[in-house]
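> One structure, pasted below without further comment.
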Amino acid sequence: MHWLALLPSPPSATDEPPSCSADPEQTQQALAWWALQFSPKVARLEEAVVLEVQACLRLFGGAEALHQRVRRSAAQAGLSLQALAWAPTSLAALALARAAVSDGLSRPIAEILDGLPLHCLSAVQAQAAMLARLGCRTLGDVRRLPRAGLSRRFGKALLQTLDQALSLQPEAHAWLQAPAEFEARLELPQRVENAQLLLQYVRHLLLQLCAWLAGRHAGIQVLTLHWEHDAMRARGVGSGGSLQIHTSHCTRDFGHLSRLLGEHLAQLTLAAPAGEIRLQAGEVLPLIEASASLLPAAPDQALEPLAQLLERISVRLSPERVRCGHLQEDHRLEAMQHWQAWASSGAAPRSAVRGPSYPQPSWLLSSPLRLSVHQDRPQYQQAPLQLLAGPQRIEGGWWQLDASLPNGHAQVQRDYFLALSAGHLVLWVFQQRLSEFEHGWFLHGVFA
């Protein structure tokens, strides 16, 4: 058997005010949900979380790789571990974690446990005062006492705990099962009048949400924050309010969701002081994990991903001010891109677009520039152009109406050429065909 014991870090007064410290019960619950991604055999044991991973070691590349992944993933999920230990039994792993000893498999477990102090096992710690008067300082001292005398004086619980830790008796656990839906509430320790101050409390619920999603190997795109107004609210103010958050991609990234919530709360004004908050998850979607790279990580990979940065900027500046271009099937180069709000386009599936069969310029003019013509040859900067390739005939747009155009349609009939100017610039020019409104040569783009 290969048991892991995860001991969460206690709340620290230096990290945050005591008034908004996380409840140890909620922290342990979040850690247990998060551990379900490594094994279905997860249980809460006193103040720790234990999981049996013997059958899962091969899936994670062995014991050492799994231990490193647990440490790394916990930090990424916003969970702080005081200690991580492994041993052949859950009680032994918990005892090692309390003693800040990690490895319980390199030597016989009895040899390792004998050197631990009494407080490492709760059943022994309960009788620590009497055992100390008997001269016991370690678990090994307790084990060397006569078993019959120990049983008569301290009861069977102490001997049973020692035997279970040494794998001499079987252990029984109630395996954890994550709920089908997520909804968590938190009663605020004080009246909160500023919406931005809600974020420090919402993070505790968000931590539970991300841990619950990790246990289900899933993510979300919609979550809703509800708040209840304090009983001492003004007359005419409702009982509470809600804020729905949409993400462009399915995610369970605690850091990104926390920053996104912060941007939304910064633009929110509470109608009355809030006394209670509740976080509710929307539809749960499967989250496909990205494969890790075999190459060393680049220094800039520690920066925030571009998609997450754009999502936060769109919340701050409004979605219409952050725009994204998408390719479209069209022969006209100026119509091959469609720009729309990034918040609505980031989650939309991108259709496959065939690549062009002809060269395309690096820079496209906003509107074609009419060129002068001398002896039927187009000129650029008062010098004739040398036609290198063409024509590339393009016709289309008759189905689109445009009131700003003379004929009311966006139809084009053009023959495109690659041309070389006197300054050795490669230009993209076209000759307008069969048009009674605009006939002649035009410059449309420049190649790098």
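Each chain in the structure tokens gets a letter, A, B, ..., in the order shown, and its residues are numbered from 1; ligands are numbered from 1 in order too.
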With only C-alpha atoms as the counted atoms, please give the residues lying no more than 8 Å from Ser39 of chain A, apart from itself and same-chain residues fewer than 5 positions off, as a PDB file with N, CA and C atoms, in the first residue's frame.


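So the final result, stored in result-v2.pdb, reads:
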```pdb
ATOM      1  N   LEU A  51      -4.869   9.732   1.043  1.00  0.00           N
ATOM      2  CA  LEU A  51      -5.302   9.073  -0.183  1.00  0.00           C
ATOM      3  C   LEU A  51      -4.393   7.899  -0.479  1.00  0.00           C
ATOM      4  N   GLU A  52      -4.990   6.828  -0.965  1.00  0.00           N
ATOM      5  CA  GLU A  52      -4.263   5.604  -1.291  1.00  0.00           C
ATOM      6  C   GLU A  52      -4.023   5.605  -2.799  1.00  0.00           C
ATOM      7  N   VAL A  53      -2.756   5.572  -3.216  1.00  0.00           N
ATOM      8  CA  VAL A  53      -2.404   5.787  -4.622  1.00  0.00           C
ATOM      9  C   VAL A  53      -1.638   4.611  -5.222  1.00  0.00           C
ATOM     10  N   CYS A  56      -2.490   3.849  -8.747  1.00  0.00           N
ATOM     11  CA  CYS A  56      -2.391   4.973  -9.673  1.00  0.00           C
ATOM     12  C   CYS A  56      -0.959   5.386  -9.968  1.00  0.00           C
TER      13      CYS A  56
END
```

> Just want the 6 Å neighbourhood of Leu84 of chain A, counted on only C-alpha atoms, with same-chain residues fewer than 4 positions away dropped. Output as a PDB file with N, CA, C and O atoms, in the first residue's frame.


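result.pdb written:
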```pdb
ATOM      1  N   ALA A   5      -0.334  11.457   2.915  1.00  0.00           N
ATOM      2  CA  ALA A   5      -1.008  12.307   3.907  1.00  0.00           C
ATOM      3  C   ALA A   5      -0.706  13.759   3.571  1.00  0.00           C
ATOM      4  O   ALA A   5       0.465  14.156   3.484  1.00  0.00           O
ATOM      5  N   LEU A   6      -1.755  14.552   3.363  1.00  0.00           N
ATOM      6  CA  LEU A   6      -1.625  15.969   3.037  1.00  0.00           C
ATOM      7  C   LEU A   6      -2.072  16.771   4.245  1.00  0.00           C
ATOM      8  O   LEU A   6      -3.241  16.689   4.660  1.00  0.00           O
ATOM      9  N   ALA A  97       3.734  13.104   8.710  1.00  0.00           N
ATOM     10  CA  ALA A  97       3.470  14.486   8.310  1.00  0.00           C
ATOM     11  C   ALA A  97       3.517  15.414   9.514  1.00  0.00           C
ATOM     12  O   ALA A  97       4.042  16.530   9.432  1.00  0.00           O
TER      13      ALA A  97
END
```

> So which one's closest to Trp175 of chain A, A:Leu45, A:Leu364, A:Ala335, A:Ala123? Using only C-alpha atoms, please.

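The shortest atom-to-atom distance to Trp175 of chain A comes from A:Leu45.
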
> When you count only C-alpha atoms, which of these residues is closest to Trp227 of chain A: A:Ala422, A:Leu199, A:Met130, A:Ala211?

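Looking only at the distances to Trp227 of chain A, the closest residue turns out to be A:Leu199.
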
> Please identify all polymer residues within 8 Å of Leu79 of chain A, counting only C-alpha atoms, omitting same-chain residues fewer than 3 positions from it, and present them as a list in words.

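Near Leu79 of chain A, the qualifying residues are Pro8, Leu31, Ala74, Ala75, Gln76 and Leu207 of chain A.
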
> Keeping only N, CA and C atoms, write the selected residues as a short mmCIF file (atom, residue, chain, number, x, y, z; two decimals), in the first residue's frame.


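Saved to again37.cif:
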```cif
data_model
loop_
_atom_site.label_atom_id
_atom_site.label_comp_id
_atom_site.auth_asym_id
_atom_site.auth_seq_id
_atom_site.Cartn_x
_atom_site.Cartn_y
_atom_site.Cartn_z
N PRO A 8 -2.75 20.39 5.58
CA PRO A 8 -2.86 21.79 5.14
C PRO A 8 -2.20 22.74 6.12
N LEU A 31 -9.18 20.74 -0.01
CA LEU A 31 -8.02 19.89 -0.26
C LEU A 31 -8.45 18.47 -0.59
N ALA A 74 -0.58 21.54 -6.00
CA ALA A 74 -1.22 22.19 -4.86
C ALA A 74 -0.91 23.68 -4.84
N ALA A 75 0.33 24.04 -5.12
CA ALA A 75 0.70 25.45 -5.14
C ALA A 75 -0.01 26.19 -6.28
N GLN A 76 -0.12 25.55 -7.45
CA GLN A 76 -0.79 26.17 -8.58
C GLN A 76 -2.28 26.36 -8.31
N LEU A 207 -11.59 29.01 -4.05
CA LEU A 207 -10.62 27.95 -3.82
C LEU A 207 -11.31 26.59 -3.73
#
```

> Quick one: residues within 9 Å of Leu279 of chain A, only C-alpha atoms counted, chain neighbours fewer than 6 positions away excluded, as a list in words?

Phe182, Glu183, Ala184, Arg185, Leu186, Val202, Leu205, Leu206, Leu209, Leu223, Thr224, Leu225, His226 and Trp227 of chain A

> With C-alpha atoms kept, could you save the residues just selected as a compact mmCIF listing (two decimals), in the first residue's frame?


```txt
# COMPACT_ATOMS: atom_id res chain seq x y z
CA PHE A 182 -21.21 23.03 -6.52
CA GLU A 183 -22.67 25.73 -4.32
CA ALA A 184 -20.86 27.17 -1.29
CA ARG A 185 -21.81 29.97 1.07
CA LEU A 186 -19.92 32.09 3.55
CA VAL A 202 -14.90 35.24 -2.36
CA LEU A 205 -15.20 29.98 -1.95
CA LEU A 206 -13.36 30.15 -5.26
CA LEU A 209 -14.70 25.59 -6.48
CA LEU A 223 -20.07 31.10 -12.37
CA THR A 224 -22.44 33.25 -10.34
CA LEU A 225 -21.71 35.20 -7.18
CA HIS A 226 -24.72 35.96 -4.98
CA TRP A 227 -24.74 38.26 -1.96
```

> Tell me, in Å to one decimal, how far atom CA of Leu285 of chain A is from atom CA of Leu176 of chain A.

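The value is 21.5 Å.
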
> Counting only C-alpha atoms, figure out which residue out of A:Gly62, A:Leu197, A:Arg191, A:Ala178 gets nearest to Met232 of chain A.

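Going through A:Gly62, A:Leu197, A:Arg191, A:Ala178 one by one, the smallest distance to Met232 of chain A is for A:Arg191.
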
> Using Å and a single decimal, report how far atom CA of Val284 of chain A sits from atom CA of Leu7 of chain A.

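Atom CA of Leu7 of chain A sits 28.5 Å away from atom CA of Val284 of chain A.
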